[in-house]
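The structure appears below as structure tokens.
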Amino acid sequence: MPDQPYLQRGFAGLASLVQLSFTPVEFMSLPVDWSLLPSLLAATEDTGGVIAWLQTTWLWTQVALGIGLVIFVHELGHFLAAKTFGVKCEKFYVGFDVPISIGPIKFPRTLGKFTYGETEYGIGILPLGGYVKMLGQDDDPRKAEEEAKRIRQSGEASDAEEKLDPRSYPAKPVWQRMIIISAGVVMNVITGVLFAAFAFFNGVGYTPAVVGGVTPGGPAWQAGVQPGGKVVAVGSLEDDSQLPFSEMQLKIMEAGIESSETAVPVRLQYGDDTREYQLVTQASPIEPDRRMIGIQSPTGDTLFSELPAMPNSVAADVVTEEDAGAKVVGFDEQTLDSSATMPITPLLTRIHTAPSQPIEIRLVRTDESEHSLTLPPQKAKDFGIQFKIGPIKALMQNGPAELAGMKVGDQIISVGDDTEVDAYQMVLADVQYDEPVNITVQRGEGDSREEIELTLTPQRIEQTMTPVSAFGEMMSVDSLGFAYEPTAVTSEVISGTEGSAADGNETIQVGDELREIRVQFASAKDRESIEDELSETAMEALTEGWEIGPTKPLGNLMETIQLLPNGTKIIATAIRPPNGTVVEQTLTVRQSDRFWYERGLNFTPVESIRKADSLGMALALGVSEAKRRMADVGRFLSMLVRGKVKAKFVGGPIRIAQMASHQAEKGLSAQLMFLTMLSMNLAILNFLPIPALDGGHMVFLTAELIRGKKVDEAMEMRLTFVGVLALLALMIFVFTNDILNLL
């Protein structure tokens, strides 16, 4: 232990760390992105590098100041209350001033300190909390007796009543000590309200809870939820006309974690039409502990300013720099309805349901000039292998497939006269609404297996999302109302496919199961052409081995293939049943005779601003936001205690820094809203009835108030010691959790 106590004032410093150890559900899905940190160390050979370094430095300065401010106001509450009642405060620190040494190297205990009056103020070297050292209080049980001796007047105690230094904390009446202990939490609540109020007065940007699309095969897709609906109620949250999309996700996730089998009530508003749904959440294919209903955020009708078209796409060939930031106002003979909840819906539907047709798009550029361009079809790329279609996994309620008698588990064996059906055949074809589709399916196993012929009449439906799930594990034919999984089993090897077998082995054949591919770029230029469009993980998988499975499904692989230049070599490894023979062959990326369901246009997300019209309204919204965040923390803690939430969702200071940087990038208002959440989090956690935390001290003080005398000191110290050990164990756990999540 250091020679000066640093776990002081009811363990408030460590409680600050515990606060930073709790990750609310709202931020569970944030990506781990530390890409900004390396730029601090990057070479700055040009002015742009220097500016980027300065911007990144300022961002992390904002993060440190924001988190430090929340800790500071908590300790300030204790400090001001103590001063009000005449308690001597010997130290006021943000961060711990502990001695740290690595071998012969000794670090300074503080980053700076000064003494004003009777109090030493400073910033400790260990940025994990803060503390106020009051005369007569030390939460280190080994120093408690020493501290008790310090406050006895003249070093003696009367037999009748112990005389204490009147300026010591223990000498104050119990009601004053209760105020001192609770003042930190009160300050966090007050400042949390003010943070949110200022944010709303300035204007808070958010993505509205509007159905931008539905995930193929997901609960919302199965229920027939259509794009453009405004979510006005979900779960326990009722009639919020300005519900953020993230808040909707939070409520759905909470409901799904609470009970994976209970349906979540969702109310959608389509103009004057209100629709009610009962949707049972579904586990994410990538993260099974995350629950969702498959509603995607809305897409805007404006092209991105920085990247209006994806590289190596047909859009990149026709969209110019002058089109960056342009607004789409129409296509072909149709004019978009600017008053619609999501005006871009008809164009997205056209792109996804008629991939072989050119589309004439009308734009209004940022200089208010009008411009038209023709968006040609996008040729699909593959590497000469087609894959078998998997069994039916989901049906759209009252959709053509369900009405025709199709069932989950059916295996499609023919479409019309075509008996060589592959996974991408129907999702890459134009929808013919006026022509019924004859599909033969195989149902049952063994002796009960039978073939059934079905006739499906396509329905006109808005399809704003691609027919392949963002997770790549599910494909849907929305016009026919069924979804299936693509398999990695080869259904056809295209005649004339270039490629050679490795070491004289056989080439890949029909029935082989593709297990892994590795890409060999022809040049550094080819690699650089897609490097900016892929995550580091995806690029590493392409070059070192993309193992097809739940985390790297076939659907995502084929979408990534669309970015590769024609002629790129691919080393494909497959397994041949029944003996599991390994087959390896070098194939070539080529342009197929099919058309892809994306063309490369890059639209901005829908963004709204919630801004208070007056100071009173800002304060009211601030109070509402604070109450909502406190309720979120309470629910999450309840689920955590009941084992509903897994430990991996609890993060520590590293995770908090991640979230803080993510919000700071969005601007001041977003950061203030994050600080509101952090403040409410700290307030609740500090007030839990755990010895060594503020709440634990309040329990002892309440007992003293009721009994009329103090709790047995030996017992209090033993319980405090147990609380300290528990919090130290929690510190180790959350740090370990953070590190594991980064790996």
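As shown in the structure tokens, the chain order sets the letters A, B, ...; within each chain, residues go from 1, and ligands are also counted from 1 in the order they appear.
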Close residues, region 223-239 of chain A itself excluded, 6 Å, only C-alpha atoms, min 4 positions apart in chain, as number ranges by chain: A: 209-213, 264-270, 341-342, 397
Write the residues of the selection above to a file with N, CA and C atoms, as a tab-separated table (two decimals), in the first residue's frame.
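Result saved to result-v1.tsv:
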chain	number	residue	atom	x	y	z
A	209	ALA	N	-36.58	6.49	-35.48
A	209	ALA	CA	-36.99	5.08	-35.50
A	209	ALA	C	-38.00	4.88	-36.63
A	210	VAL	N	-37.48	4.79	-37.83
A	210	VAL	CA	-38.27	4.56	-39.03
A	210	VAL	C	-37.79	3.27	-39.67
A	211	VAL	N	-38.72	2.49	-40.18
A	211	VAL	CA	-38.35	1.23	-40.83
A	211	VAL	C	-37.73	1.54	-42.18
A	212	GLY	N	-36.40	1.43	-42.25
A	212	GLY	CA	-35.72	1.64	-43.52
A	212	GLY	C	-35.79	0.41	-44.40
A	213	GLY	N	-35.96	-0.73	-43.77
A	213	GLY	CA	-36.04	-2.00	-44.46
A	213	GLY	C	-36.06	-3.10	-43.43
A	264	VAL	N	-42.49	-9.04	-28.59
A	264	VAL	CA	-42.36	-7.62	-28.26
A	264	VAL	C	-43.43	-6.85	-29.04
A	265	PRO	N	-44.29	-6.11	-28.35
A	265	PRO	CA	-45.29	-5.31	-29.07
A	265	PRO	C	-44.63	-4.11	-29.76
A	266	VAL	N	-44.91	-3.95	-31.04
A	266	VAL	CA	-44.37	-2.85	-31.83
A	266	VAL	C	-45.51	-2.17	-32.57
A	267	ARG	N	-45.61	-0.84	-32.43
A	267	ARG	CA	-46.65	-0.08	-33.12
A	267	ARG	C	-45.99	0.82	-34.16
A	268	LEU	N	-46.48	0.70	-35.41
A	268	LEU	CA	-45.94	1.48	-36.52
A	268	LEU	C	-47.00	2.42	-37.07
A	269	GLN	N	-46.55	3.60	-37.50
A	269	GLN	CA	-47.45	4.58	-38.08
A	269	GLN	C	-47.09	4.79	-39.54
A	270	TYR	N	-48.03	4.50	-40.43
A	270	TYR	CA	-47.87	4.73	-41.87
A	270	TYR	C	-48.88	5.80	-42.27
A	341	THR	N	-42.09	9.49	-45.63
A	341	THR	CA	-41.18	9.22	-44.52
A	341	THR	C	-39.80	8.82	-45.02
A	342	MET	N	-39.75	8.03	-46.09
A	342	MET	CA	-38.48	7.66	-46.71
A	342	MET	C	-38.65	7.76	-48.23
A	397	GLN	N	-45.61	-13.90	-43.73
A	397	GLN	CA	-47.01	-14.13	-43.36
A	397	GLN	C	-47.95	-13.68	-44.47
Non-local contacts of Thr207 (chain A) (10 Å; only C-alpha atoms; under 6 positions in same chain excluded) as number ranges by chain: A: 242-247, 297-299, 605-609
Selection near Val415 (chain A), 7 Å with only C-alpha atoms, sequence-local residues under 5 positions removed, as an MDAnalysis selection string: chainID A and resid 421 438:440
Those same residues - C-alpha atoms - I'd like them written as a tab-separated table (two decimals), in the first residue's frame.
chain	number	residue	atom	x	y	z
A	421	VAL	CA	-31.34	-24.25	-59.07
A	438	ASN	CA	-43.98	-22.91	-60.69
A	439	ILE	CA	-41.72	-24.31	-57.98
A	440	THR	CA	-41.24	-27.96	-57.06
Among the residues A:Val329, A:Leu682, A:Leu534, A:Met310, the one that comes closest to Glu75 (chain A) [using only C-alpha atoms]: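 Distance minimum relative to Glu75 (chain A) lands on A:Leu682.
Proximity to Pro358 (chain A) at 12 Å, evaluated using only C-alpha atoms and with sequence-adjacent residues fewer than 5 positions away removed, yields Val314, Ala315, Phe331, Asp332, Leu347, Arg350, Ile351, Leu373, Thr374, Leu375, Pro376, Pro377, Gln378, Lys379, Asp430, Phe595 and Arg599 of chain A.
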Output N, CA and C atoms for every residue in that selection, as a PDB file, in the first residue's frame.
ATOM      1  N   VAL A 314     -20.655   0.332 -61.156  1.00  0.00           N
ATOM      2  CA  VAL A 314     -21.151   1.075 -62.327  1.00  0.00           C
ATOM      3  C   VAL A 314     -21.509   2.506 -61.935  1.00  0.00           C
ATOM      4  N   ALA A 315     -21.885   2.710 -60.669  1.00  0.00           N
ATOM      5  CA  ALA A 315     -22.190   4.064 -60.211  1.00  0.00           C
ATOM      6  C   ALA A 315     -20.946   4.951 -60.271  1.00  0.00           C
ATOM      7  N   PHE A 331     -36.654   9.128 -60.842  1.00  0.00           N
ATOM      8  CA  PHE A 331     -35.974   8.172 -61.722  1.00  0.00           C
ATOM      9  C   PHE A 331     -36.972   7.717 -62.773  1.00  0.00           C
ATOM     10  N   ASP A 332     -36.449   7.413 -63.964  1.00  0.00           N
ATOM     11  CA  ASP A 332     -37.288   7.041 -65.106  1.00  0.00           C
ATOM     12  C   ASP A 332     -38.444   8.048 -65.226  1.00  0.00           C
ATOM     13  N   LEU A 347     -37.003   4.059 -55.587  1.00  0.00           N
ATOM     14  CA  LEU A 347     -35.771   3.839 -56.338  1.00  0.00           C
ATOM     15  C   LEU A 347     -35.034   2.603 -55.826  1.00  0.00           C
ATOM     16  N   ARG A 350     -36.693  -0.434 -57.104  1.00  0.00           N
ATOM     17  CA  ARG A 350     -36.376  -0.638 -58.526  1.00  0.00           C
ATOM     18  C   ARG A 350     -34.994  -1.274 -58.694  1.00  0.00           C
ATOM     19  N   ILE A 351     -34.033  -0.805 -57.947  1.00  0.00           N
ATOM     20  CA  ILE A 351     -32.670  -1.333 -58.048  1.00  0.00           C
ATOM     21  C   ILE A 351     -32.631  -2.812 -57.667  1.00  0.00           C
ATOM     22  N   LEU A 373     -28.568  11.225 -64.957  1.00  0.00           N
ATOM     23  CA  LEU A 373     -27.553  10.238 -65.319  1.00  0.00           C
ATOM     24  C   LEU A 373     -28.220   8.888 -65.490  1.00  0.00           C
ATOM     25  N   THR A 374     -27.630   8.070 -66.321  1.00  0.00           N
ATOM     26  CA  THR A 374     -28.157   6.722 -66.532  1.00  0.00           C
ATOM     27  C   THR A 374     -27.295   5.726 -65.777  1.00  0.00           C
ATOM     28  N   LEU A 375     -27.936   5.020 -64.858  1.00  0.00           N
ATOM     29  CA  LEU A 375     -27.238   4.030 -64.040  1.00  0.00           C
ATOM     30  C   LEU A 375     -27.397   2.667 -64.708  1.00  0.00           C
ATOM     31  N   PRO A 376     -26.332   2.151 -65.324  1.00  0.00           N
ATOM     32  CA  PRO A 376     -26.452   0.862 -66.022  1.00  0.00           C
ATOM     33  C   PRO A 376     -26.499  -0.305 -65.043  1.00  0.00           C
ATOM     34  N   PRO A 377     -26.866  -1.490 -65.512  1.00  0.00           N
ATOM     35  CA  PRO A 377     -26.854  -2.671 -64.641  1.00  0.00           C
ATOM     36  C   PRO A 377     -25.420  -3.006 -64.210  1.00  0.00           C
ATOM     37  N   GLN A 378     -25.312  -3.616 -63.056  1.00  0.00           N
ATOM     38  CA  GLN A 378     -24.005  -4.017 -62.524  1.00  0.00           C
ATOM     39  C   GLN A 378     -23.805  -5.504 -62.758  1.00  0.00           C
ATOM     40  N   LYS A 379     -22.825  -5.853 -63.581  1.00  0.00           N
ATOM     41  CA  LYS A 379     -22.534  -7.262 -63.818  1.00  0.00           C
ATOM     42  C   LYS A 379     -22.014  -7.923 -62.541  1.00  0.00           C
ATOM     43  N   ASP A 430     -34.671 -10.463 -62.534  1.00  0.00           N
ATOM     44  CA  ASP A 430     -35.720  -9.446 -62.497  1.00  0.00           C
ATOM     45  C   ASP A 430     -37.030 -10.084 -62.056  1.00  0.00           C
ATOM     46  N   PHE A 595     -26.616 -10.224 -63.335  1.00  0.00           N
ATOM     47  CA  PHE A 595     -26.506  -8.847 -62.862  1.00  0.00           C
ATOM     48  C   PHE A 595     -26.644  -8.830 -61.340  1.00  0.00           C
ATOM     49  N   ARG A 599     -25.632  -1.457 -57.165  1.00  0.00           N
ATOM     50  CA  ARG A 599     -24.964  -0.763 -58.263  1.00  0.00           C
ATOM     51  C   ARG A 599     -23.959   0.278 -57.778  1.00  0.00           C
TER      52      ARG A 599
END
Write down as a PDB file with C-alpha atoms, in the first residue's frame the residues belonging to region 266-477 of chain A that are assigned alpha helix (DSSP H) by DSSP computed on the backbone.
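Just written: part-v6.pdb:
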ATOM      1  CA  VAL A 314     -21.151   1.075 -62.327  1.00  0.00           C
ATOM      2  CA  ALA A 315     -22.190   4.064 -60.211  1.00  0.00           C
ATOM      3  CA  ALA A 316     -18.543   5.146 -59.967  1.00  0.00           C
ATOM      4  CA  ASP A 317     -18.445   5.274 -63.778  1.00  0.00           C
ATOM      5  CA  VAL A 318     -21.350   7.741 -64.075  1.00  0.00           C
ATOM      6  CA  THR A 345     -38.047   3.788 -51.268  1.00  0.00           C
ATOM      7  CA  PRO A 346     -39.283   3.460 -54.907  1.00  0.00           C
ATOM      8  CA  LEU A 347     -35.771   3.839 -56.338  1.00  0.00           C
ATOM      9  CA  LEU A 348     -34.274   1.267 -53.963  1.00  0.00           C
ATOM     10  CA  THR A 349     -37.092  -1.124 -54.830  1.00  0.00           C
ATOM     11  CA  ARG A 350     -36.376  -0.638 -58.526  1.00  0.00           C
ATOM     12  CA  ILE A 351     -32.670  -1.333 -58.048  1.00  0.00           C
ATOM     13  CA  HIS A 352     -33.263  -4.534 -56.084  1.00  0.00           C
ATOM     14  CA  THR A 353     -36.105  -5.987 -58.164  1.00  0.00           C
ATOM     15  CA  PRO A 400     -47.358 -15.966 -52.006  1.00  0.00           C
ATOM     16  CA  ALA A 401     -45.276 -18.917 -50.759  1.00  0.00           C
ATOM     17  CA  GLU A 402     -47.328 -19.436 -47.598  1.00  0.00           C
ATOM     18  CA  LEU A 403     -50.594 -19.095 -49.489  1.00  0.00           C
ATOM     19  CA  ALA A 404     -49.392 -21.631 -52.067  1.00  0.00           C
TER      20      ALA A 404
END
Can you list every residue in region 213-443 of chain A that DSSP puts in strand (DSSP E), as a PDB file with C-alpha atoms, in the first residue's frame?
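Once everything was written out, this is part.pdb:
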ATOM      1  CA  GLY A 213     -36.037  -2.003 -44.462  1.00  0.00           C
ATOM      2  CA  VAL A 214     -36.273  -5.462 -42.962  1.00  0.00           C
ATOM      3  CA  LYS A 230     -42.554   5.181 -38.081  1.00  0.00           C
ATOM      4  CA  VAL A 231     -42.055   3.279 -34.820  1.00  0.00           C
ATOM      5  CA  VAL A 232     -44.129   5.102 -32.201  1.00  0.00           C
ATOM      6  CA  ALA A 233     -44.192   2.427 -29.487  1.00  0.00           C
ATOM      7  CA  VAL A 234     -42.043  -0.582 -28.671  1.00  0.00           C
ATOM      8  CA  ALA A 263     -43.243 -11.309 -28.298  1.00  0.00           C
ATOM      9  CA  VAL A 264     -42.365  -7.618 -28.264  1.00  0.00           C
ATOM     10  CA  PRO A 265     -45.288  -5.307 -29.072  1.00  0.00           C
ATOM     11  CA  VAL A 266     -44.369  -2.845 -31.834  1.00  0.00           C
ATOM     12  CA  ARG A 267     -46.646  -0.084 -33.117  1.00  0.00           C
ATOM     13  CA  LEU A 268     -45.944   1.480 -36.516  1.00  0.00           C
ATOM     14  CA  GLN A 269     -47.453   4.582 -38.081  1.00  0.00           C
ATOM     15  CA  TYR A 270     -47.866   4.733 -41.869  1.00  0.00           C
ATOM     16  CA  ASP A 273     -52.666   4.058 -40.708  1.00  0.00           C
ATOM     17  CA  THR A 274     -51.535   2.448 -37.442  1.00  0.00           C
ATOM     18  CA  ARG A 275     -50.357  -1.158 -37.476  1.00  0.00           C
ATOM     19  CA  GLU A 276     -49.699  -3.373 -34.467  1.00  0.00           C
ATOM     20  CA  TYR A 277     -47.219  -6.259 -34.492  1.00  0.00           C
ATOM     21  CA  GLN A 278     -46.153  -8.870 -31.948  1.00  0.00           C
ATOM     22  CA  LEU A 279     -42.588  -9.813 -32.856  1.00  0.00           C
ATOM     23  CA  VAL A 280     -40.516 -12.487 -31.126  1.00  0.00           C
ATOM     24  CA  GLN A 282     -34.241 -13.473 -32.922  1.00  0.00           C
ATOM     25  CA  ALA A 283     -30.595 -14.092 -32.002  1.00  0.00           C
ATOM     26  CA  ARG A 291     -31.570 -10.057 -29.767  1.00  0.00           C
ATOM     27  CA  MET A 292     -33.227  -8.278 -32.677  1.00  0.00           C
ATOM     28  CA  ILE A 295     -35.683  -3.691 -38.633  1.00  0.00           C
ATOM     29  CA  GLN A 296     -33.004  -1.649 -40.405  1.00  0.00           C
ATOM     30  CA  THR A 299     -31.874   5.493 -45.903  1.00  0.00           C
ATOM     31  CA  GLY A 300     -31.794   9.111 -47.049  1.00  0.00           C
ATOM     32  CA  ASP A 301     -32.286  10.444 -50.573  1.00  0.00           C
ATOM     33  CA  THR A 302     -28.974  12.324 -50.702  1.00  0.00           C
ATOM     34  CA  LEU A 303     -25.663  10.987 -52.012  1.00  0.00           C
ATOM     35  CA  LYS A 327     -30.406  14.906 -53.823  1.00  0.00           C
ATOM     36  CA  VAL A 328     -32.297  12.295 -55.863  1.00  0.00           C
ATOM     37  CA  VAL A 329     -35.643  13.712 -56.947  1.00  0.00           C
ATOM     38  CA  GLY A 330     -36.796  11.059 -59.407  1.00  0.00           C
ATOM     39  CA  PHE A 331     -35.974   8.172 -61.722  1.00  0.00           C
ATOM     40  CA  GLN A 334     -41.367   8.616 -61.549  1.00  0.00           C
ATOM     41  CA  THR A 335     -40.925  11.595 -59.215  1.00  0.00           C
ATOM     42  CA  ILE A 359     -32.244   3.389 -64.587  1.00  0.00           C
ATOM     43  CA  GLU A 360     -32.293   7.083 -65.451  1.00  0.00           C
ATOM     44  CA  ILE A 361     -31.844   9.062 -62.244  1.00  0.00           C
ATOM     45  CA  ARG A 362     -32.630  12.765 -61.799  1.00  0.00           C
ATOM     46  CA  LEU A 363     -30.597  14.758 -59.275  1.00  0.00           C
ATOM     47  CA  VAL A 364     -30.519  18.239 -57.811  1.00  0.00           C
ATOM     48  CA  GLU A 370     -30.554  19.693 -62.116  1.00  0.00           C
ATOM     49  CA  HIS A 371     -28.739  16.766 -63.643  1.00  0.00           C
ATOM     50  CA  SER A 372     -29.666  13.355 -65.039  1.00  0.00           C
ATOM     51  CA  LEU A 373     -27.553  10.238 -65.319  1.00  0.00           C
ATOM     52  CA  THR A 374     -28.157   6.722 -66.532  1.00  0.00           C
ATOM     53  CA  LEU A 375     -27.238   4.030 -64.040  1.00  0.00           C
ATOM     54  CA  LYS A 379     -22.534  -7.262 -63.818  1.00  0.00           C
ATOM     55  CA  ALA A 380     -22.080  -9.837 -61.074  1.00  0.00           C
ATOM     56  CA  LYS A 381     -18.661 -11.326 -60.423  1.00  0.00           C
ATOM     57  CA  ASP A 382     -17.855 -14.861 -59.316  1.00  0.00           C
ATOM     58  CA  ILE A 385     -18.603 -21.792 -58.977  1.00  0.00           C
ATOM     59  CA  GLN A 386     -22.305 -21.768 -58.200  1.00  0.00           C
ATOM     60  CA  PHE A 387     -23.758 -22.999 -54.914  1.00  0.00           C
ATOM     61  CA  LYS A 388     -26.730 -25.130 -53.940  1.00  0.00           C
ATOM     62  CA  ILE A 389     -29.799 -23.491 -52.516  1.00  0.00           C
ATOM     63  CA  GLY A 390     -30.510 -24.441 -48.902  1.00  0.00           C
ATOM     64  CA  PRO A 391     -33.841 -25.425 -47.336  1.00  0.00           C
ATOM     65  CA  ILE A 392     -36.598 -22.870 -46.729  1.00  0.00           C
ATOM     66  CA  LYS A 393     -35.962 -21.137 -43.395  1.00  0.00           C
ATOM     67  CA  ALA A 394     -38.724 -18.545 -43.213  1.00  0.00           C
ATOM     68  CA  LEU A 395     -42.026 -17.587 -44.853  1.00  0.00           C
ATOM     69  CA  GLN A 411     -36.075 -27.993 -50.322  1.00  0.00           C
ATOM     70  CA  ILE A 412     -36.482 -26.350 -53.733  1.00  0.00           C
ATOM     71  CA  ILE A 413     -35.477 -28.792 -56.472  1.00  0.00           C
ATOM     72  CA  SER A 414     -36.754 -26.947 -59.533  1.00  0.00           C
ATOM     73  CA  VAL A 415     -38.052 -23.578 -60.665  1.00  0.00           C
ATOM     74  CA  VAL A 437     -43.798 -19.110 -60.831  1.00  0.00           C
ATOM     75  CA  ASN A 438     -43.977 -22.906 -60.691  1.00  0.00           C
ATOM     76  CA  ILE A 439     -41.724 -24.312 -57.976  1.00  0.00           C
ATOM     77  CA  THR A 440     -41.238 -27.964 -57.063  1.00  0.00           C
ATOM     78  CA  VAL A 441     -40.126 -28.678 -53.520  1.00  0.00           C
ATOM     79  CA  GLN A 442     -39.038 -31.812 -51.724  1.00  0.00           C
ATOM     80  CA  ARG A 443     -40.628 -32.326 -48.324  1.00  0.00           C
TER      81      ARG A 443
END
Who sits within 10 Å of region 62-69 of chain A, only C-alpha atoms, same chain under 4 positions skipped, as an MDAnalysis selection string: chainID A and resid 20 56:58 73:75 94:95 123 127:130 191 653 656:665 668 671:672 674:675 678:679
Long-range neighbours of Gly622 (chain A) as an MDAnalysis selection string, 10 Å cut-off, only C-alpha atoms, 4 positions minimum in chain: chainID A and resid 190:201 612 616:618 626:628 673 676
What does the file look like for those residues with C-alpha atoms, as a PDB file, in the first residue's frame?
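Below you can see again-v3.pdb, which holds the result:
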ATOM      1  CA  ILE A 190     -28.105  17.539 -11.337  1.00  0.00           C
ATOM      2  CA  THR A 191     -25.218  17.859 -13.781  1.00  0.00           C
ATOM      3  CA  GLY A 192     -26.556  14.935 -15.814  1.00  0.00           C
ATOM      4  CA  VAL A 193     -29.822  16.824 -16.262  1.00  0.00           C
ATOM      5  CA  LEU A 194     -27.895  19.983 -17.183  1.00  0.00           C
ATOM      6  CA  PHE A 195     -25.708  18.115 -19.690  1.00  0.00           C
ATOM      7  CA  ALA A 196     -28.801  16.798 -21.466  1.00  0.00           C
ATOM      8  CA  ALA A 197     -30.607  20.154 -21.239  1.00  0.00           C
ATOM      9  CA  PHE A 198     -27.700  21.975 -22.858  1.00  0.00           C
ATOM     10  CA  ALA A 199     -27.494  19.291 -25.547  1.00  0.00           C
ATOM     11  CA  PHE A 200     -31.205  19.676 -26.390  1.00  0.00           C
ATOM     12  CA  PHE A 201     -30.909  23.471 -26.349  1.00  0.00           C
ATOM     13  CA  ALA A 612     -35.631  22.712 -27.492  1.00  0.00           C
ATOM     14  CA  GLY A 616     -37.753  25.522 -19.888  1.00  0.00           C
ATOM     15  CA  MET A 617     -38.303  22.941 -22.609  1.00  0.00           C
ATOM     16  CA  ALA A 618     -34.583  22.106 -22.575  1.00  0.00           C
ATOM     17  CA  ALA A 626     -31.933  11.625 -17.043  1.00  0.00           C
ATOM     18  CA  LYS A 627     -34.910   9.586 -15.801  1.00  0.00           C
ATOM     19  CA  ARG A 628     -34.741   7.382 -18.884  1.00  0.00           C
ATOM     20  CA  MET A 673     -25.778  13.060 -23.975  1.00  0.00           C
ATOM     21  CA  THR A 676     -25.667  12.307 -19.025  1.00  0.00           C
TER      22      THR A 676
END
Nearest-residue call for Leu563 (chain A), choices A:Ser241, A:Ser313, A:Thr115, A:Thr581, using only C-alpha atoms: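 The shortest atom-to-atom distance to Leu563 (chain A) comes from A:Ser313.
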For CA of Gly77 (chain A) and CA of Ala183 (chain A), the interatomic separation in Å (one decimal): 4.7 Å
Contacts of Gly399 (chain A) within 12 Å, only C-alpha atoms, excl. fewer than 4 positions in-chain, as a ChimeraX atom specification: /A:221-225,394-395,403-407,456-461,477-483
Interatomic distance (Å, one decimal) between CA of Leu126 (chain A) and CA of Gly112 (chain A): 12.3 Å
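Of the listed residues A:Arg150, A:Lys709, A:Arg655, A:Arg642, the one whose atoms come nearest to Leu740 (chain A) is A:Arg655, with distances taken using only C-alpha atoms.
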Nearest candidate to Gly218 (chain A) (options A:Gly446, A:Pro691, A:Gly294, A:Gly256; using only C-alpha atoms): A:Gly294
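Counting only C-alpha atoms and comparing A:Ser369, A:Thr84, A:Thr455, A:Thr281, the residue that lies closest to Ser260 (chain A) is A:Thr281.
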Length of the CA of Ala541 (chain A) to CA of Ser469 (chain A) vector [Å]: 19.7 Å
Nearest to Thr466 (chain A) by atom-to-atom distance, counting only C-alpha atoms, from A:Ala326, A:Ala574, A:Ala692, A:Ala354: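 Ranking A:Ala326, A:Ala574, A:Ala692, A:Ala354 by distance to Thr466 (chain A), first place goes to A:Ala354.
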